[in-house]
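Colleague: Below is a structure I'd like to ask you about.
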Amino acid sequence: MNDPYSVLGVPRTASEDEIRKAFRKLAKKHHPDLNPGDKAAEAKFKEISQANDILSDPEKRRRYDAGEIDASGQETPPRGFYRDQAGGAGGAKYRRAGGHEEFVDMGGVFSEMFGGRRGAHGFGGGAGEEEGFEGFDMSGLPVTYTLTVPFLVAARGGKQRVNLPNGKTLDIDIPEGATDGQTLRLKGQGMPGRKGRPAGDAYVEIRIQPHAFFEARDNDIHMELPVTLTEAVLGGKVKVPTVNGEVMLNIPAGSNSGTSLRLKGRGLLDRKSGQRGDQYVKLKVVLPEKPDDKLKQFLEGWEAGRTYDPRSSMGQFT
């Protein structure tokens with residue numbers, strides 16, 4: 001997403017009143033109700049709404065200006081620190097960026113930086129080393145992890161148990177409607193501080209596993225539903241899975257493979273607007289593996305008096 005100041009067309013020094021006026025002006029111009037069917041206007045309205053959500057909230061604006069969150073409001077992982085791959089409770093391998101296999105001993109780093117000097121203001125072993133850190137912030141460093149989450153856990157929300165590299169087991173709350181690449185902040189779950197200082201934070205980047213038949217496109221769910229020849233020709237009600245359980249879907253008589261039906265409000269939660277997307281069900285007519293004799297006899301009799309070309313729309317081809 002673009003910089004919210006640029007989206008609203010205001011400088012970084014803009015007052016709350018200036019931000020509010022800029023948002024109202026743009027919202028009136030691009031509101032979907034005033035631009036029915038205009039996808040570009042709808043996308044622009046979402047963008048300016050997100051920008052206003054960041055800049056109209058003093059705390060979010062402060063955090064954005066400080067680089068703590070990005071333009072979409074997600075936590076921004078610190079750069080250049082220890083990175084790992086958080087695994088599931090069954091025990092998974094971890095990925096470490098930069099080849100680091102252990103936590104960094106910052107005492108050794110400072111010792112190298114300052115030439116191993118000792119004494120009241122130097123760095124080295126014994127008491128001199130401890131005294132040498134008095135002028136520095138000895139809070140723990142942040143760490144970042146990448147966590148793979150099942151599709152339905154991300155869609156519905158829930159707890160995901162992970163094993164951290166230090167052997168600690170942690171239950172992470174995955175918010176409903178979590179998106180691929182979203183970053184969660186776990187306060188105090190990073191590297192430990194020295195001399196009683198607090199631990200750093202952990203930043204968990206979510207990666208969502210693909211589902212067997214659900215596909216997310218923005219906040220909408222798309223799936224293909226096999227139906228029988230009878231259901232397609234005569235119509236009827238069938239059970240359809242959604243991310244929140246089964247529902248009944250009415251199949252119109254005379255449906256065909258490729259027919260798309262919509263289940264309103266059965267998609268993913270948009271955490272910004274609080275609204276849900278839709279689920280689109282694409283029908284696929286499936287014949288039995290071994291058609292029985294009655295079906296064969298019926299089709300032979302039906303074809304005798306009726307002809308149609310299902311490939312007529314393709315034109316002439318060789």
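All residue names refer to the structure tokens as shown: chains lettered A, B, ... in order, residues numbered from 1 in each chain, ligands numbered from 1 in order.
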Residues of region 144-282 of chain A classed as alpha helix (DSSP H) by DSSP on the backbone are to be reported as JSON, numbers by chain.
Modeller: {"A": [151, 152, 153, 154, 155, 156, 229, 230, 231, 232, 233, 234]}
Colleague: Show me, as a PDB file with all heavy atoms, in the first residue's frame, the residues that have an atom within 10 Å of region 280-294 of chain A when counting only C-alpha atoms, minus same-chain residues fewer than 6 positions from it.
Modeller:
ATOM      1  N   PHE A 214     -10.589 -24.625  -1.151  1.00  0.00           N
ATOM      2  CA  PHE A 214     -10.850 -23.195  -0.994  1.00  0.00           C
ATOM      3  C   PHE A 214      -9.676 -22.389  -1.559  1.00  0.00           C
ATOM      4  O   PHE A 214      -8.521 -22.733  -1.347  1.00  0.00           O
ATOM      5  CB  PHE A 214     -11.021 -22.814   0.482  1.00  0.00           C
ATOM      6  CG  PHE A 214     -12.282 -23.322   1.108  1.00  0.00           C
ATOM      7  CD1 PHE A 214     -12.262 -23.899   2.368  1.00  0.00           C
ATOM      8  CD2 PHE A 214     -13.501 -23.220   0.465  1.00  0.00           C
ATOM      9  CE1 PHE A 214     -13.427 -24.365   2.967  1.00  0.00           C
ATOM     10  CE2 PHE A 214     -14.672 -23.675   1.041  1.00  0.00           C
ATOM     11  CZ  PHE A 214     -14.627 -24.255   2.298  1.00  0.00           C
ATOM     12  N   GLU A 215     -10.009 -21.308  -2.244  1.00  0.00           N
ATOM     13  CA  GLU A 215      -8.987 -20.369  -2.722  1.00  0.00           C
ATOM     14  C   GLU A 215      -9.409 -18.954  -2.341  1.00  0.00           C
ATOM     15  O   GLU A 215     -10.523 -18.528  -2.663  1.00  0.00           O
ATOM     16  CB  GLU A 215      -8.817 -20.463  -4.233  1.00  0.00           C
ATOM     17  CG  GLU A 215      -7.785 -19.489  -4.781  1.00  0.00           C
ATOM     18  CD  GLU A 215      -7.716 -19.475  -6.293  1.00  0.00           C
ATOM     19  OE1 GLU A 215      -8.398 -20.308  -6.934  1.00  0.00           O
ATOM     20  OE2 GLU A 215      -7.002 -18.614  -6.848  1.00  0.00           O
ATOM     21  N   ASP A 220     -12.740 -12.699  -0.744  1.00  0.00           N
ATOM     22  CA  ASP A 220     -13.688 -13.658  -1.302  1.00  0.00           C
ATOM     23  C   ASP A 220     -13.073 -15.059  -1.324  1.00  0.00           C
ATOM     24  O   ASP A 220     -11.858 -15.221  -1.432  1.00  0.00           O
ATOM     25  CB  ASP A 220     -14.097 -13.263  -2.720  1.00  0.00           C
ATOM     26  CG  ASP A 220     -14.880 -11.966  -2.767  1.00  0.00           C
ATOM     27  OD1 ASP A 220     -15.609 -11.681  -1.790  1.00  0.00           O
ATOM     28  OD2 ASP A 220     -14.766 -11.230  -3.769  1.00  0.00           O
ATOM     29  N   ILE A 221     -13.949 -16.054  -1.234  1.00  0.00           N
ATOM     30  CA  ILE A 221     -13.542 -17.459  -1.335  1.00  0.00           C
ATOM     31  C   ILE A 221     -14.072 -18.014  -2.651  1.00  0.00           C
ATOM     32  O   ILE A 221     -15.237 -17.804  -3.003  1.00  0.00           O
ATOM     33  CB  ILE A 221     -14.095 -18.290  -0.162  1.00  0.00           C
ATOM     34  CG1 ILE A 221     -13.493 -17.829   1.167  1.00  0.00           C
ATOM     35  CG2 ILE A 221     -13.829 -19.780  -0.377  1.00  0.00           C
ATOM     36  CD1 ILE A 221     -12.036 -18.172   1.331  1.00  0.00           C
ATOM     37  N   HIS A 222     -13.225 -18.737  -3.372  1.00  0.00           N
ATOM     38  CA  HIS A 222     -13.634 -19.384  -4.612  1.00  0.00           C
ATOM     39  C   HIS A 222     -13.427 -20.888  -4.467  1.00  0.00           C
ATOM     40  O   HIS A 222     -12.428 -21.330  -3.887  1.00  0.00           O
ATOM     41  CB  HIS A 222     -12.833 -18.852  -5.796  1.00  0.00           C
ATOM     42  CG  HIS A 222     -13.142 -17.427  -6.145  1.00  0.00           C
ATOM     43  ND1 HIS A 222     -13.902 -17.070  -7.234  1.00  0.00           N
ATOM     44  CD2 HIS A 222     -12.806 -16.268  -5.528  1.00  0.00           C
ATOM     45  CE1 HIS A 222     -14.020 -15.747  -7.285  1.00  0.00           C
ATOM     46  NE2 HIS A 222     -13.355 -15.239  -6.254  1.00  0.00           N
ATOM     47  N   MET A 223     -14.360 -21.648  -4.994  1.00  0.00           N
ATOM     48  CA  MET A 223     -14.232 -23.107  -4.960  1.00  0.00           C
ATOM     49  C   MET A 223     -14.986 -23.719  -6.128  1.00  0.00           C
ATOM     50  O   MET A 223     -15.858 -23.090  -6.734  1.00  0.00           O
ATOM     51  CB  MET A 223     -14.776 -23.680  -3.639  1.00  0.00           C
ATOM     52  CG  MET A 223     -16.268 -23.542  -3.460  1.00  0.00           C
ATOM     53  SD  MET A 223     -16.925 -24.598  -2.141  1.00  0.00           S
ATOM     54  CE  MET A 223     -16.655 -26.227  -2.854  1.00  0.00           C
ATOM     55  N   GLU A 224     -14.635 -24.956  -6.450  1.00  0.00           N
ATOM     56  CA  GLU A 224     -15.317 -25.714  -7.498  1.00  0.00           C
ATOM     57  C   GLU A 224     -16.107 -26.826  -6.828  1.00  0.00           C
ATOM     58  O   GLU A 224     -15.584 -27.562  -5.987  1.00  0.00           O
ATOM     59  CB  GLU A 224     -14.298 -26.286  -8.482  1.00  0.00           C
ATOM     60  CG  GLU A 224     -14.917 -26.915  -9.713  1.00  0.00           C
ATOM     61  CD  GLU A 224     -13.866 -27.364 -10.710  1.00  0.00           C
ATOM     62  OE1 GLU A 224     -13.147 -28.348 -10.412  1.00  0.00           O
ATOM     63  OE2 GLU A 224     -13.742 -26.738 -11.778  1.00  0.00           O
ATOM     64  N   LEU A 225     -17.388 -26.954  -7.198  1.00  0.00           N
ATOM     65  CA  LEU A 225     -18.271 -27.934  -6.563  1.00  0.00           C
ATOM     66  C   LEU A 225     -18.724 -28.973  -7.583  1.00  0.00           C
ATOM     67  O   LEU A 225     -19.414 -28.645  -8.547  1.00  0.00           O
ATOM     68  CB  LEU A 225     -19.496 -27.242  -5.966  1.00  0.00           C
ATOM     69  CG  LEU A 225     -20.499 -28.164  -5.270  1.00  0.00           C
ATOM     70  CD1 LEU A 225     -19.912 -28.692  -3.955  1.00  0.00           C
ATOM     71  CD2 LEU A 225     -21.812 -27.427  -5.008  1.00  0.00           C
ATOM     72  N   PRO A 226     -18.363 -30.247  -7.387  1.00  0.00           N
ATOM     73  CA  PRO A 226     -18.866 -31.299  -8.275  1.00  0.00           C
ATOM     74  C   PRO A 226     -20.365 -31.529  -8.041  1.00  0.00           C
ATOM     75  O   PRO A 226     -20.815 -31.577  -6.891  1.00  0.00           O
ATOM     76  CB  PRO A 226     -18.055 -32.530  -7.859  1.00  0.00           C
ATOM     77  CG  PRO A 226     -16.881 -31.993  -7.095  1.00  0.00           C
ATOM     78  CD  PRO A 226     -17.384 -30.754  -6.419  1.00  0.00           C
ATOM     79  N   VAL A 227     -21.128 -31.652  -9.128  1.00  0.00           N
ATOM     80  CA  VAL A 227     -22.564 -31.949  -9.035  1.00  0.00           C
ATOM     81  C   VAL A 227     -22.898 -33.065 -10.013  1.00  0.00           C
ATOM     82  O   VAL A 227     -22.185 -33.286 -11.001  1.00  0.00           O
ATOM     83  CB  VAL A 227     -23.431 -30.706  -9.338  1.00  0.00           C
ATOM     84  CG1 VAL A 227     -23.214 -29.625  -8.285  1.00  0.00           C
ATOM     85  CG2 VAL A 227     -23.140 -30.151 -10.730  1.00  0.00           C
ATOM     86  N   THR A 228     -23.980 -33.758  -9.741  1.00  0.00           N
ATOM     87  CA  THR A 228     -24.403 -34.837 -10.619  1.00  0.00           C
ATOM     88  C   THR A 228     -25.135 -34.265 -11.833  1.00  0.00           C
ATOM     89  O   THR A 228     -25.573 -33.106 -11.839  1.00  0.00           O
ATOM     90  CB  THR A 228     -25.333 -35.813  -9.892  1.00  0.00           C
ATOM     91  OG1 THR A 228     -26.564 -35.132  -9.583  1.00  0.00           O
ATOM     92  CG2 THR A 228     -24.689 -36.327  -8.602  1.00  0.00           C
ATOM     93  N   LEU A 229     -25.306 -35.089 -12.856  1.00  0.00           N
ATOM     94  CA  LEU A 229     -26.052 -34.690 -14.038  1.00  0.00           C
ATOM     95  C   LEU A 229     -27.497 -34.358 -13.669  1.00  0.00           C
ATOM     96  O   LEU A 229     -28.069 -33.381 -14.165  1.00  0.00           O
ATOM     97  CB  LEU A 229     -26.004 -35.815 -15.077  1.00  0.00           C
ATOM     98  CG  LEU A 229     -26.732 -35.562 -16.397  1.00  0.00           C
ATOM     99  CD1 LEU A 229     -26.133 -34.371 -17.116  1.00  0.00           C
ATOM    100  CD2 LEU A 229     -26.691 -36.811 -17.283  1.00  0.00           C
ATOM    101  N   THR A 230     -28.067 -35.129 -12.773  1.00  0.00           N
ATOM    102  CA  THR A 230     -29.446 -34.896 -12.338  1.00  0.00           C
ATOM    103  C   THR A 230     -29.580 -33.557 -11.634  1.00  0.00           C
ATOM    104  O   THR A 230     -30.516 -32.793 -11.885  1.00  0.00           O
ATOM    105  CB  THR A 230     -29.904 -36.025 -11.396  1.00  0.00           C
ATOM    106  OG1 THR A 230     -29.787 -37.280 -12.065  1.00  0.00           O
ATOM    107  CG2 THR A 230     -31.348 -35.816 -10.965  1.00  0.00           C
ATOM    108  N   GLU A 231     -28.639 -33.239 -10.728  1.00  0.00           N
ATOM    109  CA  GLU A 231     -28.684 -31.965 -10.005  1.00  0.00           C
ATOM    110  C   GLU A 231     -28.542 -30.783 -10.954  1.00  0.00           C
ATOM    111  O   GLU A 231     -29.192 -29.741 -10.780  1.00  0.00           O
ATOM    112  CB  GLU A 231     -27.571 -31.935  -8.956  1.00  0.00           C
ATOM    113  CG  GLU A 231     -27.804 -32.903  -7.795  1.00  0.00           C
ATOM    114  CD  GLU A 231     -26.580 -33.092  -6.931  1.00  0.00           C
ATOM    115  OE1 GLU A 231     -25.455 -32.807  -7.400  1.00  0.00           O
ATOM    116  OE2 GLU A 231     -26.733 -33.547  -5.771  1.00  0.00           O
ATOM    117  N   ALA A 232     -27.703 -30.952 -11.996  1.00  0.00           N
ATOM    118  CA  ALA A 232     -27.495 -29.861 -12.944  1.00  0.00           C
ATOM    119  C   ALA A 232     -28.729 -29.652 -13.828  1.00  0.00           C
ATOM    120  O   ALA A 232     -29.152 -28.521 -14.069  1.00  0.00           O
ATOM    121  CB  ALA A 232     -26.274 -30.146 -13.810  1.00  0.00           C
ATOM    122  N   VAL A 233     -29.319 -30.732 -14.290  1.00  0.00           N
ATOM    123  CA  VAL A 233     -30.457 -30.622 -15.213  1.00  0.00           C
ATOM    124  C   VAL A 233     -31.746 -30.238 -14.487  1.00  0.00           C
ATOM    125  O   VAL A 233     -32.478 -29.330 -14.900  1.00  0.00           O
ATOM    126  CB  VAL A 233     -30.660 -31.944 -15.976  1.00  0.00           C
ATOM    127  CG1 VAL A 233     -31.936 -31.895 -16.819  1.00  0.00           C
ATOM    128  CG2 VAL A 233     -29.454 -32.230 -16.864  1.00  0.00           C
ATOM    129  N   VAL A 240     -22.952 -27.394   0.772  1.00  0.00           N
ATOM    130  CA  VAL A 240     -21.707 -26.794   0.288  1.00  0.00           C
ATOM    131  C   VAL A 240     -20.844 -26.413   1.491  1.00  0.00           C
ATOM    132  O   VAL A 240     -21.343 -25.785   2.432  1.00  0.00           O
ATOM    133  CB  VAL A 240     -21.987 -25.528  -0.555  1.00  0.00           C
ATOM    134  CG1 VAL A 240     -20.677 -24.893  -1.014  1.00  0.00           C
ATOM    135  CG2 VAL A 240     -22.846 -25.875  -1.754  1.00  0.00           C
ATOM    136  N   PRO A 241     -19.568 -26.776   1.504  1.00  0.00           N
ATOM    137  CA  PRO A 241     -18.691 -26.357   2.611  1.00  0.00           C
ATOM    138  C   PRO A 241     -18.325 -24.884   2.492  1.00  0.00           C
ATOM    139  O   PRO A 241     -18.132 -24.358   1.383  1.00  0.00           O
ATOM    140  CB  PRO A 241     -17.457 -27.249   2.426  1.00  0.00           C
ATOM    141  CG  PRO A 241     -17.427 -27.541   0.957  1.00  0.00           C
ATOM    142  CD  PRO A 241     -18.865 -27.617   0.524  1.00  0.00           C
ATOM    143  N   LEU A 249     -27.110 -24.887  -0.692  1.00  0.00           N
ATOM    144  CA  LEU A 249     -27.044 -24.072  -1.897  1.00  0.00           C
ATOM    145  C   LEU A 249     -28.101 -24.538  -2.880  1.00  0.00           C
ATOM    146  O   LEU A 249     -28.232 -25.736  -3.157  1.00  0.00           O
ATOM    147  CB  LEU A 249     -25.657 -24.189  -2.535  1.00  0.00           C
ATOM    148  CG  LEU A 249     -25.472 -23.504  -3.898  1.00  0.00           C
ATOM    149  CD1 LEU A 249     -25.579 -21.982  -3.749  1.00  0.00           C
ATOM    150  CD2 LEU A 249     -24.132 -23.886  -4.518  1.00  0.00           C
ATOM    151  N   ILE A 251     -29.312 -25.015  -6.473  1.00  0.00           N
ATOM    152  CA  ILE A 251     -28.803 -25.099  -7.838  1.00  0.00           C
ATOM    153  C   ILE A 251     -29.972 -24.921  -8.796  1.00  0.00           C
ATOM    154  O   ILE A 251     -30.922 -25.725  -8.776  1.00  0.00           O
ATOM    155  CB  ILE A 251     -28.111 -26.446  -8.086  1.00  0.00           C
ATOM    156  CG1 ILE A 251     -26.915 -26.596  -7.133  1.00  0.00           C
ATOM    157  CG2 ILE A 251     -27.660 -26.565  -9.533  1.00  0.00           C
ATOM    158  CD1 ILE A 251     -26.192 -27.909  -7.274  1.00  0.00           C
ATOM    159  N   SER A 255     -28.556 -25.870 -14.973  1.00  0.00           N
ATOM    160  CA  SER A 255     -27.202 -25.375 -14.749  1.00  0.00           C
ATOM    161  C   SER A 255     -26.199 -26.202 -15.549  1.00  0.00           C
ATOM    162  O   SER A 255     -26.488 -27.327 -15.971  1.00  0.00           O
ATOM    163  CB  SER A 255     -26.846 -25.426 -13.268  1.00  0.00           C
ATOM    164  OG  SER A 255     -27.650 -24.538 -12.529  1.00  0.00           O
ATOM    165  N   ASN A 256     -25.024 -25.656 -15.744  1.00  0.00           N
ATOM    166  CA  ASN A 256     -24.017 -26.337 -16.548  1.00  0.00           C
ATOM    167  C   ASN A 256     -22.666 -26.234 -15.855  1.00  0.00           C
ATOM    168  O   ASN A 256     -22.489 -25.450 -14.909  1.00  0.00           O
ATOM    169  CB  ASN A 256     -23.943 -25.694 -17.936  1.00  0.00           C
ATOM    170  CG  ASN A 256     -23.524 -26.692 -19.003  1.00  0.00           C
ATOM    171  OD1 ASN A 256     -22.835 -27.664 -18.723  1.00  0.00           O
ATOM    172  ND2 ASN A 256     -23.954 -26.441 -20.236  1.00  0.00           N
ATOM    173  N   SER A 257     -21.697 -26.989 -16.321  1.00  0.00           N
ATOM    174  CA  SER A 257     -20.332 -26.834 -15.819  1.00  0.00           C
ATOM    175  C   SER A 257     -19.866 -25.411 -16.100  1.00  0.00           C
ATOM    176  O   SER A 257     -20.065 -24.885 -17.202  1.00  0.00           O
ATOM    177  CB  SER A 257     -19.390 -27.821 -16.513  1.00  0.00           C
ATOM    178  OG  SER A 257     -19.540 -29.121 -15.989  1.00  0.00           O
ATOM    179  N   GLY A 258     -19.270 -24.789 -15.104  1.00  0.00           N
ATOM    180  CA  GLY A 258     -18.820 -23.413 -15.258  1.00  0.00           C
ATOM    181  C   GLY A 258     -19.784 -22.400 -14.695  1.00  0.00           C
ATOM    182  O   GLY A 258     -19.415 -21.232 -14.510  1.00  0.00           O
ATOM    183  N   THR A 259     -21.029 -22.807 -14.409  1.00  0.00           N
ATOM    184  CA  THR A 259     -21.978 -21.884 -13.789  1.00  0.00           C
ATOM    185  C   THR A 259     -21.452 -21.461 -12.420  1.00  0.00           C
ATOM    186  O   THR A 259     -21.036 -22.293 -11.618  1.00  0.00           O
ATOM    187  CB  THR A 259     -23.356 -22.554 -13.628  1.00  0.00           C
ATOM    188  OG1 THR A 259     -23.875 -22.882 -14.922  1.00  0.00           O
ATOM    189  CG2 THR A 259     -24.336 -21.623 -12.921  1.00  0.00           C
ATOM    190  N   SER A 260     -21.453 -20.163 -12.139  1.00  0.00           N
ATOM    191  CA  SER A 260     -20.940 -19.644 -10.867  1.00  0.00           C
ATOM    192  C   SER A 260     -22.081 -19.097 -10.029  1.00  0.00           C
ATOM    193  O   SER A 260     -22.869 -18.269 -10.497  1.00  0.00           O
ATOM    194  CB  SER A 260     -19.906 -18.546 -11.124  1.00  0.00           C
ATOM    195  OG  SER A 260     -19.331 -18.102  -9.912  1.00  0.00           O
ATOM    196  N   LEU A 261     -22.180 -19.558  -8.800  1.00  0.00           N
ATOM    197  CA  LEU A 261     -23.206 -19.120  -7.863  1.00  0.00           C
ATOM    198  C   LEU A 261     -22.543 -18.438  -6.676  1.00  0.00           C
ATOM    199  O   LEU A 261     -21.422 -18.801  -6.289  1.00  0.00           O
ATOM    200  CB  LEU A 261     -24.044 -20.315  -7.387  1.00  0.00           C
ATOM    201  CG  LEU A 261     -24.685 -21.161  -8.506  1.00  0.00           C
ATOM    202  CD1 LEU A 261     -25.370 -22.387  -7.906  1.00  0.00           C
ATOM    203  CD2 LEU A 261     -25.676 -20.339  -9.312  1.00  0.00           C
ATOM    204  N   ARG A 262     -23.233 -17.459  -6.085  1.00  0.00           N
ATOM    205  CA  ARG A 262     -22.633 -16.685  -4.991  1.00  0.00           C
ATOM    206  C   ARG A 262     -23.327 -16.945  -3.665  1.00  0.00           C
ATOM    207  O   ARG A 262     -24.555 -16.972  -3.590  1.00  0.00           O
ATOM    208  CB  ARG A 262     -22.698 -15.181  -5.300  1.00  0.00           C
ATOM    209  CG  ARG A 262     -22.039 -14.328  -4.231  1.00  0.00           C
ATOM    210  CD  ARG A 262     -22.048 -12.860  -4.592  1.00  0.00           C
ATOM    211  NE  ARG A 262     -23.385 -12.283  -4.490  1.00  0.00           N
ATOM    212  CZ  ARG A 262     -23.633 -11.005  -4.212  1.00  0.00           C
ATOM    213  NH1 ARG A 262     -22.624 -10.167  -4.020  1.00  0.00           N
ATOM    214  NH2 ARG A 262     -24.858 -10.550  -4.157  1.00  0.00           N
ATOM    215  N   LEU A 263     -22.539 -17.138  -2.630  1.00  0.00           N
ATOM    216  CA  LEU A 263     -23.030 -17.215  -1.265  1.00  0.00           C
ATOM    217  C   LEU A 263     -22.610 -15.918  -0.567  1.00  0.00           C
ATOM    218  O   LEU A 263     -21.448 -15.748  -0.194  1.00  0.00           O
ATOM    219  CB  LEU A 263     -22.437 -18.436  -0.539  1.00  0.00           C
ATOM    220  CG  LEU A 263     -22.898 -19.805  -1.049  1.00  0.00           C
ATOM    221  CD1 LEU A 263     -22.069 -20.918  -0.420  1.00  0.00           C
ATOM    222  CD2 LEU A 263     -24.378 -20.023  -0.751  1.00  0.00           C
ATOM    223  N   LYS A 264     -23.535 -15.016  -0.411  1.00  0.00           N
ATOM    224  CA  LYS A 264     -23.225 -13.691   0.114  1.00  0.00           C
ATOM    225  C   LYS A 264     -22.789 -13.766   1.583  1.00  0.00           C
ATOM    226  O   LYS A 264     -23.415 -14.436   2.397  1.00  0.00           O
ATOM    227  CB  LYS A 264     -24.447 -12.775  -0.019  1.00  0.00           C
ATOM    228  CG  LYS A 264     -24.171 -11.324   0.353  1.00  0.00           C
ATOM    229  CD  LYS A 264     -25.370 -10.444   0.041  1.00  0.00           C
ATOM    230  CE  LYS A 264     -25.123  -9.003   0.472  1.00  0.00           C
ATOM    231  NZ  LYS A 264     -23.951  -8.408  -0.187  1.00  0.00           N
ATOM    232  N   ARG A 266     -20.229 -15.172   2.917  1.00  0.00           N
ATOM    233  CA  ARG A 266     -19.604 -16.422   3.373  1.00  0.00           C
ATOM    234  C   ARG A 266     -18.100 -16.454   3.101  1.00  0.00           C
ATOM    235  O   ARG A 266     -17.477 -17.507   3.158  1.00  0.00           O
ATOM    236  CB  ARG A 266     -20.271 -17.617   2.683  1.00  0.00           C
ATOM    237  CG  ARG A 266     -21.705 -17.849   3.122  1.00  0.00           C
ATOM    238  CD  ARG A 266     -21.764 -18.340   4.546  1.00  0.00           C
ATOM    239  NE  ARG A 266     -23.137 -18.531   5.011  1.00  0.00           N
ATOM    240  CZ  ARG A 266     -23.449 -19.078   6.173  1.00  0.00           C
ATOM    241  NH1 ARG A 266     -22.473 -19.495   6.976  1.00  0.00           N
ATOM    242  NH2 ARG A 266     -24.700 -19.211   6.556  1.00  0.00           N
ATOM    243  N   GLY A 267     -17.525 -15.273   2.840  1.00  0.00           N
ATOM    244  CA  GLY A 267     -16.094 -15.210   2.602  1.00  0.00           C
ATOM    245  C   GLY A 267     -15.317 -14.895   3.861  1.00  0.00           C
ATOM    246  O   GLY A 267     -15.743 -15.207   4.982  1.00  0.00           O
ATOM    247  N   GLU A 300     -29.023 -42.325 -25.795  1.00  0.00           N
ATOM    248  CA  GLU A 300     -29.088 -42.753 -27.189  1.00  0.00           C
ATOM    249  C   GLU A 300     -30.414 -42.332 -27.814  1.00  0.00           C
ATOM    250  O   GLU A 300     -30.468 -41.842 -28.939  1.00  0.00           O
ATOM    251  CB  GLU A 300     -28.916 -44.275 -27.275  1.00  0.00           C
ATOM    252  CG  GLU A 300     -27.485 -44.728 -26.994  1.00  0.00           C
ATOM    253  CD  GLU A 300     -27.381 -46.230 -26.850  1.00  0.00           C
ATOM    254  OE1 GLU A 300     -28.443 -46.905 -26.848  1.00  0.00           O
ATOM    255  OE2 GLU A 300     -26.250 -46.743 -26.718  1.00  0.00           O
TER     256      GLU A 300
END
Colleague: Could you tell me how far CA of Val204 (chain A) sits from CA of Leu268 (chain A), in Å to one decimal place?
Modeller: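 If I compute the distance from CA of Leu268 (chain A) to CA of Val204 (chain A), I get 21.1 Å.
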Colleague: List as a short mmCIF file (atom, residue, chain, number, x, y, z; two decimals) with all heavy atoms, in the first residue's frame the protein and nucleic acid residues near Asp57 (chain A), meaning an atom at most 12 Å away when only C-alpha atoms are counted, but skip any in the same chain fewer than 6 places from it.
Modeller:
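selection_6.cif, freshly written:
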data_model
loop_
_atom_site.label_atom_id
_atom_site.label_comp_id
_atom_site.auth_asym_id
_atom_site.auth_seq_id
_atom_site.Cartn_x
_atom_site.Cartn_y
_atom_site.Cartn_z
N SER A 15 -2.29 18.83 10.18
CA SER A 15 -3.04 18.76 11.43
C SER A 15 -4.17 17.75 11.31
O SER A 15 -4.50 17.30 10.20
CB SER A 15 -3.61 20.13 11.79
OG SER A 15 -4.58 20.52 10.81
N GLU A 16 -4.79 17.41 12.44
CA GLU A 16 -5.92 16.48 12.42
C GLU A 16 -7.06 17.03 11.56
O GLU A 16 -7.72 16.28 10.84
CB GLU A 16 -6.40 16.21 13.85
CG GLU A 16 -5.41 15.44 14.71
CD GLU A 16 -5.96 15.15 16.10
OE1 GLU A 16 -7.17 15.38 16.30
OE2 GLU A 16 -5.18 14.71 16.95
N ILE A 19 -6.25 16.59 7.87
CA ILE A 19 -6.41 15.19 7.48
C ILE A 19 -7.88 14.85 7.32
O ILE A 19 -8.29 14.18 6.36
CB ILE A 19 -5.73 14.27 8.51
CG1 ILE A 19 -4.20 14.44 8.44
CG2 ILE A 19 -6.12 12.81 8.29
CD1 ILE A 19 -3.46 13.73 9.55
N ARG A 20 -8.70 15.30 8.24
CA ARG A 20 -10.13 15.02 8.20
C ARG A 20 -10.77 15.64 6.94
O ARG A 20 -11.56 14.99 6.25
CB ARG A 20 -10.80 15.55 9.46
CG ARG A 20 -12.30 15.28 9.52
CD ARG A 20 -12.87 15.54 10.90
NE ARG A 20 -12.54 16.88 11.39
CZ ARG A 20 -11.65 17.13 12.34
NH1 ARG A 20 -10.98 16.14 12.90
NH2 ARG A 20 -11.41 18.37 12.73
N GLN A 50 -8.17 3.32 4.31
CA GLN A 50 -7.06 2.75 5.08
C GLN A 50 -6.08 3.83 5.50
O GLN A 50 -5.59 3.84 6.64
CB GLN A 50 -6.34 1.69 4.24
CG GLN A 50 -5.12 1.08 4.91
CD GLN A 50 -5.48 0.38 6.21
OE1 GLN A 50 -6.36 -0.47 6.22
NE2 GLN A 50 -4.81 0.73 7.29
N ALA A 51 -5.81 4.77 4.59
CA ALA A 51 -4.90 5.86 4.93
C ALA A 51 -5.46 6.71 6.06
O ALA A 51 -4.74 7.10 6.99
CB ALA A 51 -4.66 6.73 3.69
N ARG A 63 3.06 5.62 15.48
CA ARG A 63 3.76 4.36 15.22
C ARG A 63 4.16 4.24 13.75
O ARG A 63 5.21 3.70 13.42
CB ARG A 63 2.88 3.17 15.63
CG ARG A 63 2.56 3.12 17.13
CD ARG A 63 2.00 1.77 17.51
NE ARG A 63 3.04 0.76 17.39
CZ ARG A 63 2.79 -0.54 17.21
NH1 ARG A 63 1.54 -0.96 17.11
NH2 ARG A 63 3.78 -1.39 17.11
N TYR A 64 3.30 4.74 12.85
CA TYR A 64 3.65 4.71 11.43
C TYR A 64 4.85 5.61 11.17
O TYR A 64 5.80 5.22 10.47
CB TYR A 64 2.47 5.15 10.57
CG TYR A 64 2.84 5.27 9.11
CD1 TYR A 64 2.98 4.13 8.31
CD2 TYR A 64 3.08 6.52 8.53
CE1 TYR A 64 3.35 4.24 6.97
CE2 TYR A 64 3.45 6.62 7.19
CZ TYR A 64 3.58 5.48 6.42
OH TYR A 64 3.96 5.58 5.10
N GLY A 73 -1.13 -0.89 8.50
CA GLY A 73 -1.36 -1.03 9.94
C GLY A 73 -0.73 -2.26 10.55
O GLY A 73 -0.89 -2.51 11.74
#
Colleague: Going by DSSP on the backbone, which bits of region 228-308 of chain A are strand (DSSP E)? Write them as a list in words, please.
Modeller: Gly236, Lys237, Val238, Lys239, Val240, Pro241, Thr242, Gly245, Glu246, Val247, Met248, Leu249, Asn250, Ile251, Ser260, Leu261, Arg262, Leu263, Gln279, Tyr280, Val281, Lys282, Leu283, Lys284 and Val285 of chain A
Colleague: Please list as a list of chain:residue names every residue within 7 Å of Asp173 (chain A), counting only C-alpha atoms and excluding residues in the same chain fewer than 3 positions away.
Modeller: A:Gly158, A:Lys159, A:Gln160
